[in-house]
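Colleague: My structure file start-v3.cif, mmCIF, C-alpha atoms, is below:
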```
data_my_file
#
loop_
_atom_site.group_PDB
_atom_site.id
_atom_site.type_symbol
_atom_site.label_atom_id
_atom_site.label_comp_id
_atom_site.auth_asym_id
_atom_site.auth_seq_id
_atom_site.Cartn_x
_atom_site.Cartn_y
_atom_site.Cartn_z
ATOM 1 C CA MET A 196 -16.158 -145.394 4.026
ATOM 2 C CA LEU A 197 -18.238 -146.192 7.045
ATOM 3 C CA PRO A 198 -16.252 -146.913 10.214
ATOM 4 C CA PRO A 199 -15.546 -150.583 10.971
ATOM 5 C CA THR A 200 -18.000 -152.142 13.356
ATOM 6 C CA LYS A 201 -17.653 -155.100 15.632
ATOM 7 C CA PRO A 202 -19.406 -158.074 14.003
ATOM 8 C CA SER A 203 -22.609 -158.905 15.819
ATOM 9 C CA ARG A 204 -23.358 -162.441 16.918
ATOM 10 C CA VAL A 205 -26.948 -163.366 16.206
ATOM 11 C CA ARG A 206 -28.682 -165.944 18.372
ATOM 12 C CA TRP A 207 -31.648 -167.339 16.490
ATOM 13 C CA SER A 208 -34.236 -169.735 17.843
ATOM 14 C CA VAL A 209 -36.725 -171.667 15.769
ATOM 15 C CA LYS A 210 -40.129 -171.244 17.392
ATOM 16 C CA ASP A 211 -43.733 -170.666 16.482
ATOM 17 C CA VAL A 212 -44.892 -167.132 17.300
ATOM 18 C CA PRO A 213 -45.890 -167.327 20.979
ATOM 19 C CA ARG A 214 -46.834 -163.732 21.816
ATOM 20 C CA TRP A 215 -49.166 -162.951 18.953
ATOM 21 C CA HIS A 216 -52.536 -164.758 18.981
ATOM 22 C CA THR A 217 -52.497 -165.374 15.246
ATOM 23 C CA ALA A 218 -51.414 -168.152 12.930
ATOM 24 C CA SER A 219 -47.976 -169.337 13.972
ATOM 25 C CA VAL A 220 -44.962 -168.928 11.742
ATOM 26 C CA HIS A 221 -42.372 -171.672 11.833
ATOM 27 C CA VAL A 222 -38.990 -171.219 10.158
ATOM 28 C CA ARG A 223 -36.816 -174.244 9.543
ATOM 29 C CA ARG A 224 -33.304 -174.119 10.988
ATOM 30 C CA ARG A 225 -30.541 -174.457 8.428
ATOM 31 C CA THR A 226 -27.238 -174.671 10.272
ATOM 32 C CA PRO A 227 -25.951 -173.946 13.778
ATOM 33 C CA SER A 228 -23.353 -171.475 12.431
ATOM 34 C CA LEU A 229 -25.560 -168.426 11.900
ATOM 35 C CA GLY A 230 -23.544 -166.336 14.353
ATOM 36 C CA ARG A 231 -20.542 -166.323 12.067
ATOM 37 C CA VAL A 232 -19.620 -163.191 10.162
ATOM 38 C CA GLY A 233 -21.250 -163.297 6.742
ATOM 39 C CA ARG A 234 -24.150 -165.549 7.754
ATOM 40 C CA GLN A 235 -26.724 -163.190 9.316
ATOM 41 C CA ALA A 236 -28.218 -162.252 5.953
ATOM 42 C CA GLU A 237 -28.777 -165.863 4.964
ATOM 43 C CA ARG A 238 -30.877 -166.549 8.035
ATOM 44 C CA ALA A 239 -32.644 -163.186 7.784
ATOM 45 C CA GLU A 240 -33.762 -163.983 4.243
ATOM 46 C CA GLU A 241 -35.253 -167.265 5.435
ATOM 47 C CA ILE A 242 -37.242 -165.567 8.194
ATOM 48 C CA ALA A 243 -38.469 -162.741 5.956
ATOM 49 C CA ARG A 244 -39.563 -165.205 3.284
ATOM 50 C CA ALA A 245 -41.582 -167.220 5.822
ATOM 51 C CA LEU A 246 -43.338 -164.115 7.135
ATOM 52 C CA LEU A 247 -43.949 -162.154 3.933
ATOM 53 C CA GLU A 248 -43.827 -164.208 0.742
ATOM 54 C CA LYS A 249 -47.304 -165.757 0.845
ATOM 55 C CA PRO A 250 -49.406 -163.255 2.821
ATOM 56 C CA LEU A 251 -47.805 -160.102 1.360
ATOM 57 C CA PRO A 252 -46.206 -160.846 -2.033
ATOM 58 C CA ARG A 253 -45.735 -157.195 -2.991
ATOM 59 C CA ARG A 254 -44.091 -156.442 0.347
ATOM 60 C CA TRP A 255 -41.879 -159.467 -0.253
ATOM 61 C CA ALA A 256 -40.910 -158.087 -3.689
ATOM 62 C CA HIS A 257 -39.961 -154.786 -2.055
ATOM 63 C CA THR A 258 -37.951 -156.611 0.607
ATOM 64 C CA GLN A 259 -35.990 -158.544 -1.998
ATOM 65 C CA GLY A 260 -35.188 -155.290 -3.758
ATOM 66 C CA VAL A 261 -34.056 -153.628 -0.535
ATOM 67 C CA ALA A 262 -31.736 -156.560 0.205
ATOM 68 C CA ALA A 263 -30.321 -156.366 -3.322
ATOM 69 C CA ARG A 264 -29.686 -152.672 -2.781
ATOM 70 C CA ALA A 265 -27.886 -153.487 0.465
ATOM 71 C CA ARG A 266 -25.488 -155.794 -1.361
ATOM 72 C CA THR A 267 -24.433 -152.900 -3.603
ATOM 73 C CA LEU A 268 -23.185 -151.062 -0.490
ATOM 74 C CA ALA A 269 -20.566 -153.690 0.357
ATOM 75 C CA PRO A 270 -17.664 -151.489 -0.871
ATOM 76 C CA ILE A 271 -18.455 -148.822 1.734
ATOM 77 C CA LEU A 272 -19.883 -150.952 4.544
ATOM 78 C CA ARG A 273 -16.862 -153.193 5.151
ATOM 79 C CA ASP A 274 -17.512 -155.345 8.260
ATOM 80 C CA ALA A 275 -21.081 -154.054 8.535
ATOM 81 C CA ALA A 276 -22.145 -155.338 5.106
ATOM 82 C CA ASP A 277 -23.724 -158.562 6.333
ATOM 83 C CA GLN A 278 -25.533 -156.824 9.190
ATOM 84 C CA ILE A 279 -27.071 -154.230 6.878
ATOM 85 C CA GLU A 280 -28.165 -156.869 4.403
ATOM 86 C CA ALA A 281 -29.758 -158.803 7.267
ATOM 87 C CA ALA A 282 -31.566 -155.655 8.416
ATOM 88 C CA ALA A 283 -32.705 -155.056 4.841
ATOM 89 C CA TRP A 284 -34.292 -158.505 4.707
ATOM 90 C CA LEU A 285 -35.979 -157.980 8.073
ATOM 91 C CA HIS A 286 -36.947 -154.304 8.037
ATOM 92 C CA ASP A 287 -40.583 -154.892 7.013
ATOM 93 C CA VAL A 288 -41.406 -158.201 8.734
ATOM 94 C CA GLY A 289 -43.612 -156.271 11.144
ATOM 95 C CA TYR A 290 -46.172 -155.948 8.334
ATOM 96 C CA SER A 291 -46.781 -159.695 8.501
ATOM 97 C CA PRO A 292 -50.335 -160.466 9.675
ATOM 98 C CA ALA A 293 -48.785 -162.966 12.085
ATOM 99 C CA LEU A 294 -46.871 -160.212 13.882
ATOM 100 C CA ALA A 295 -49.002 -157.075 13.667
ATOM 101 C CA ALA A 296 -49.851 -155.942 17.199
ATOM 102 C CA THR A 297 -49.512 -152.162 17.458
ATOM 103 C CA GLY A 298 -49.966 -151.615 13.722
ATOM 104 C CA PHE A 299 -46.584 -149.875 13.639
ATOM 105 C CA HIS A 300 -44.405 -152.269 11.665
ATOM 106 C CA PRO A 301 -40.921 -151.174 12.850
ATOM 107 C CA LEU A 302 -41.889 -151.792 16.480
ATOM 108 C CA ASP A 303 -43.852 -154.990 15.841
ATOM 109 C CA GLY A 304 -41.044 -156.425 13.736
ATOM 110 C CA ALA A 305 -38.288 -155.537 16.170
ATOM 111 C CA ARG A 306 -40.203 -156.992 19.107
ATOM 112 C CA TYR A 307 -40.674 -160.252 17.236
ATOM 113 C CA LEU A 308 -36.985 -160.445 16.376
ATOM 114 C CA ARG A 309 -36.015 -159.719 19.980
ATOM 115 C CA ASP A 310 -38.566 -161.877 21.794
ATOM 116 C CA VAL A 311 -39.062 -164.811 19.447
ATOM 117 C CA GLU A 312 -35.981 -165.056 17.244
ATOM 118 C CA GLU A 313 -33.660 -163.760 19.996
ATOM 119 C CA ALA A 314 -31.797 -161.731 17.388
ATOM 120 C CA ASP A 315 -28.766 -159.565 18.033
ATOM 121 C CA GLU A 316 -29.615 -156.330 19.822
ATOM 122 C CA ASP A 317 -28.135 -154.031 17.198
ATOM 123 C CA LEU A 318 -30.014 -155.824 14.430
ATOM 124 C CA CYS A 319 -33.287 -155.337 16.319
ATOM 125 C CA ARG A 320 -32.455 -151.670 16.845
ATOM 126 C CA LEU A 321 -31.775 -151.181 13.143
ATOM 127 C CA VAL A 322 -35.120 -152.713 12.219
ATOM 128 C CA ALA A 323 -36.947 -150.681 14.874
ATOM 129 C CA ASN A 324 -35.445 -147.371 13.762
ATOM 130 C CA HIS A 325 -35.275 -147.810 10.008
ATOM 131 C CA SER A 326 -36.147 -144.907 7.732
ATOM 132 C CA CYS A 327 -36.782 -142.314 10.457
ATOM 133 C CA ALA A 328 -39.250 -144.542 12.294
ATOM 134 C CA ILE A 329 -39.051 -142.397 15.428
ATOM 135 C CA ILE A 330 -40.793 -139.569 13.561
ATOM 136 C CA GLU A 331 -43.712 -141.806 12.643
ATOM 137 C CA ALA A 332 -43.734 -143.215 16.180
ATOM 138 C CA ARG A 333 -44.382 -139.706 17.491
ATOM 139 C CA GLN A 334 -47.364 -139.408 15.172
ATOM 140 C CA ARG A 335 -48.724 -142.689 16.549
ATOM 141 C CA GLY A 336 -48.036 -142.023 20.231
ATOM 142 C CA LEU A 337 -45.429 -144.798 20.353
ATOM 143 C CA ALA A 338 -42.223 -142.770 20.547
ATOM 144 C CA ASP A 339 -41.530 -143.510 24.206
ATOM 145 C CA GLN A 340 -41.923 -147.263 23.689
ATOM 146 C CA LEU A 341 -39.730 -147.276 20.599
ATOM 147 C CA ALA A 342 -36.978 -145.157 22.148
ATOM 148 C CA SER A 343 -36.871 -147.027 25.444
ATOM 149 C CA GLU A 344 -36.944 -150.528 23.975
ATOM 150 C CA PHE A 345 -34.773 -149.903 20.924
ATOM 151 C CA PRO A 346 -32.321 -146.985 21.212
ATOM 152 C CA ARG A 347 -30.854 -145.589 18.018
ATOM 153 C CA VAL A 348 -27.722 -147.144 16.549
ATOM 154 C CA ASP A 349 -24.750 -145.698 14.661
ATOM 155 C CA PRO A 350 -26.209 -142.993 12.360
ATOM 156 C CA ALA A 351 -24.031 -144.200 9.492
ATOM 157 C CA LEU A 352 -25.674 -147.627 9.672
ATOM 158 C CA GLU A 353 -29.122 -146.062 9.852
ATOM 159 C CA ASP A 354 -28.248 -144.028 6.752
ATOM 160 C CA ALA A 355 -27.265 -147.199 4.905
ATOM 161 C CA LEU A 356 -30.548 -148.963 5.669
ATOM 162 C CA THR A 357 -32.565 -145.839 4.874
ATOM 163 C CA TYR A 358 -30.801 -145.578 1.511
ATOM 164 C CA CYS A 359 -31.742 -149.172 0.669
ATOM 165 C CA ASP A 360 -35.384 -148.741 1.684
ATOM 166 C CA MET A 361 -35.950 -145.292 0.218
ATOM 167 C CA THR A 362 -34.419 -146.079 -3.181
ATOM 168 C CA THR A 363 -36.461 -149.253 -3.725
ATOM 169 C CA ALA A 364 -40.005 -149.165 -5.104
ATOM 170 C CA PRO A 365 -42.844 -151.348 -3.767
ATOM 171 C CA ASP A 366 -42.255 -153.835 -6.597
ATOM 172 C CA GLY A 367 -38.549 -154.105 -5.741
ATOM 173 C CA VAL A 368 -37.011 -152.065 -8.554
ATOM 174 C CA PRO A 369 -34.570 -149.209 -7.917
ATOM 175 C CA VAL A 370 -36.141 -145.756 -7.779
ATOM 176 C CA SER A 371 -35.101 -142.215 -6.917
ATOM 177 C CA ILE A 372 -35.798 -140.936 -3.417
ATOM 178 C CA GLN A 373 -38.112 -138.257 -4.834
ATOM 179 C CA ASN A 374 -40.218 -140.789 -6.731
ATOM 180 C CA ARG A 375 -40.295 -143.119 -3.744
ATOM 181 C CA LEU A 376 -41.634 -140.435 -1.412
ATOM 182 C CA SER A 377 -44.201 -139.259 -3.965
ATOM 183 C CA GLU A 378 -45.463 -142.815 -4.447
ATOM 184 C CA ILE A 379 -45.929 -143.312 -0.702
ATOM 185 C CA VAL A 380 -47.987 -140.120 -0.410
ATOM 186 C CA ARG A 381 -50.162 -141.117 -3.384
ATOM 187 C CA ARG A 382 -50.694 -144.606 -1.990
ATOM 188 C CA TYR A 383 -51.771 -143.518 1.485
ATOM 189 C CA GLY A 384 -53.600 -140.322 0.622
ATOM 190 C CA PRO A 385 -53.437 -136.847 2.170
ATOM 191 C CA PHE A 386 -54.954 -137.613 5.563
ATOM 192 C CA ASP A 387 -53.152 -140.809 6.584
ATOM 193 C CA VAL A 388 -50.642 -140.888 9.435
ATOM 194 C CA VAL A 389 -48.016 -142.229 7.016
ATOM 195 C CA THR A 390 -48.398 -139.151 4.814
ATOM 196 C CA ARG A 391 -47.979 -136.867 7.834
ATOM 197 C CA PHE A 392 -44.868 -138.839 8.746
ATOM 198 C CA ILE A 393 -43.397 -138.603 5.242
ATOM 199 C CA THR A 394 -43.976 -134.839 5.189
ATOM 200 C CA LYS A 395 -42.029 -134.400 8.434
ATOM 201 C CA ALA A 396 -39.334 -136.967 7.642
ATOM 202 C CA LYS A 397 -38.712 -135.973 4.017
ATOM 203 C CA PRO A 398 -35.655 -133.741 4.581
ATOM 204 C CA HIS A 399 -34.034 -136.320 6.861
ATOM 205 C CA LEU A 400 -34.676 -139.181 4.437
ATOM 206 C CA ILE A 401 -33.294 -137.204 1.509
ATOM 207 C CA ALA A 402 -30.224 -136.258 3.545
ATOM 208 C CA SER A 403 -29.571 -139.903 4.477
ATOM 209 C CA VAL A 404 -29.782 -141.024 0.875
ATOM 210 C CA GLY A 405 -27.527 -138.160 -0.166
ATOM 211 C CA ARG A 406 -24.836 -139.065 2.351
ATOM 212 C CA VAL A 407 -24.730 -142.685 1.228
ATOM 213 C CA SER A 408 -24.774 -141.726 -2.447
ATOM 214 C CA GLY A 409 -21.798 -139.471 -1.804
ATOM 215 C CA LEU A 410 -19.863 -142.309 -0.170
ATOM 216 C CA LEU A 411 -20.620 -144.553 -3.128
ATOM 217 C CA ASP A 412 -19.398 -141.896 -5.548
ATOM 218 C CA VAL A 413 -16.124 -141.608 -3.657
ATOM 219 C CA ALA A 414 -15.733 -145.387 -3.562
ATOM 220 C CA GLU A 415 -16.177 -145.595 -7.331
ATOM 221 C CA VAL A 416 -13.466 -142.994 -7.879
ATOM 222 C CA HIS A 417 -11.018 -144.958 -5.758
#
```
Take the structure in the file and write it out as structure tokens.
Modeller:
Amino acid sequence: MLPPTKPSRVRWSVKDVPRWHTASVHVRRRTPSLGRVGRQAERAEEIARALLEKPLPRRWAHTQGVAARARTLAPILRDAADQIEAAAWLHDVGYSPALAATGFHPLDGARYLRDVEEADEDLCRLVANHSCAIIEARQRGLADQLASEFPRVDPALEDALTYCDMTTAPDGVPVSIQNRLSEIVRRYGPFDVVTRFITKAKPHLIASVGRVSGLLDVAEVH
């Protein structure tokens, strides 16, 4: 099992997007108790829906699938289960047209969560570094910004989020890591920066998925 982690308290604010000169995104507040353990994912789903459902329905389908995958990891995540599900909901919000600034979605999404939603630091760092983002950041000349603003978190938590993302197809259905990587390369083509990133990150992504799969196998036995 993954080591216990201290529950993170998330401070959310309900604001229109002030730092991106695009259409504002307003998310209705539900309750004042979102800092409680077990409530981060609920609020994260609300924010992701507001940012992705209408402008990017296929990205929203993928996000729902990633969050569903995260819920299957509860037996091995223990106290971190809610945090990883929240990160799963939020990992691709940087694709939203309302947030895109650098064009690098992990960084754009994490900056929005930090600056606008005032989200927990570790949650922002998970979103910023999901699925070997630092490797793609190097390809884009953004590695220094990513590393300085959002240092890496516990590798076991990064593995968990990578597993959820890399075993979920664009339409939200479960898929093998090999098929997921092949689909990304086909979608972007041989010369895109994303394809160069996938080529370099492939062994690390496969290793992350393998580690989590092994933990799940052990959990099933016990």
Colleague: Looking at A:Thr297, A:Leu268, A:Asp339, A:Gln278, which one is nearest to Asp315 of chain A, with distances taken over all atoms listed in the file?
Modeller: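 Nearest candidate to Asp315 of chain A out of A:Thr297, A:Leu268, A:Asp339, A:Gln278: A:Gln278.
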Colleague: So that I can check the surroundings of Gln373 of chain A, please list as a list in words every protein, DNA and RNA residue that reaches within 12 Å of it, counting all atoms listed in the file and ignoring chain neighbours fewer than 6 positions away.
Modeller: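 Close residues of Gln373 of chain A: Met361, Thr362, Thr363, Ala364, Ile379, Val380, Ile393, Lys397, Pro398, Leu400, Ile401, Ala402, Val404 and Gly405 of chain A.
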Colleague: Hey, what comes out of the PyMOL selection byres ((chain A and resi 409) around 12) on this file? Could you write it as a list in words?
Modeller: Met196, Leu197, Leu268, Ile271, Asp354, Ala355, Tyr358, Ala402, Ser403, Val404, Gly405, Arg406, Val407, Ser408, Leu410, Leu411, Asp412, Val413, Ala414, Glu415 and Val416 of chain A
Colleague: Skip Leu294 of chain A itself and residues of its chain fewer than 2 positions away, then list as a ChimeraX atom specification all residues within 7 Å of it, counting all atoms listed in the file.
Modeller: /A:215,289,291-292,296,303-304
Colleague: Interatomic distance between atom CA of Ala396 of chain A and atom CA of Asp277 of chain A?
Modeller: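 Between atom CA of Ala396 of chain A and atom CA of Asp277 of chain A the gap works out to 26.7 Å.
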Colleague: Translate the PyMOL selection byres ((chain A and resi 261-264) around 9) into a concrete residue list for this structure, as an MDAnalysis selection string.
Modeller: chainID A and resid 236 240 256:260 265:268 279:284 356 358:364 367:369
Colleague: Which residue is closest to Arg347 of chain A? Choose from A:Glu331, A:Glu316, A:Asp310, A:Asp387 and count only C-alpha atoms.
Modeller: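 Closest to Arg347 of chain A, using only C-alpha atoms: A:Glu316.
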Colleague: From the options A:Pro270, A:Gly384, A:Pro350, A:Gly298, which residue's atoms come nearest to Arg335 of chain A, counting all atoms listed in the file?
Modeller: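 Once distances to Arg335 of chain A are computed over all atoms listed in the file, the minimum belongs to A:Gly298.
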Colleague: Specify the axis-aligned box that encloses all atoms of segment 378-386 of chain A listed in the file after padding of 4 Å on each side, stating its centre and edge lengths in Å to one decimal as lines of an AutoDock Vina configuration file.
Modeller:
```
center_x = -50.2
center_y = -140.7
center_z = 0.6
size_x = 17.5
size_y = 15.8
size_z = 18.0
```
Colleague: Apply the PyMOL selection byres ((chain A and resi 317-319) around 12) to the structure shown and report the selected residues as a ChimeraX atom specification.
Modeller: /A:200-207,235-236,239,275,277-289,301-316,320-325,341,344-349,352-353,356
Colleague: What does the structure give for the distance between atom CA of Val388 of chain A and atom CA of Glu248 of chain A, in Å to one decimal?
Modeller: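 So the two atoms, atom CA of Val388 of chain A and atom CA of Glu248 of chain A, lie 25.8 Å apart.
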Colleague: Mind giving me the straight-line distance from atom CA of Arg375 of chain A to atom CA of Lys395 of chain A in Å, one decimal?
Modeller: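 Atom-to-atom, atom CA of Arg375 of chain A and atom CA of Lys395 of chain A are spaced 15.1 Å apart.
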Colleague: Using only C-alpha atoms, which of A:Ala351, A:Ile330, A:Leu376, A:Leu272 sits nearest Phe392 of chain A?
Modeller: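 Nearest to Phe392 of chain A: A:Ile330.
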Colleague: For each of A:Lys249, A:Pro385, A:Arg244, A:His300, take the minimum atom-to-atom distance to Leu337 of chain A, counting only C-alpha atoms, then give the residue where this is smallest.
Modeller: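 Result for the nearest residue to Leu337 of chain A: A:His300.
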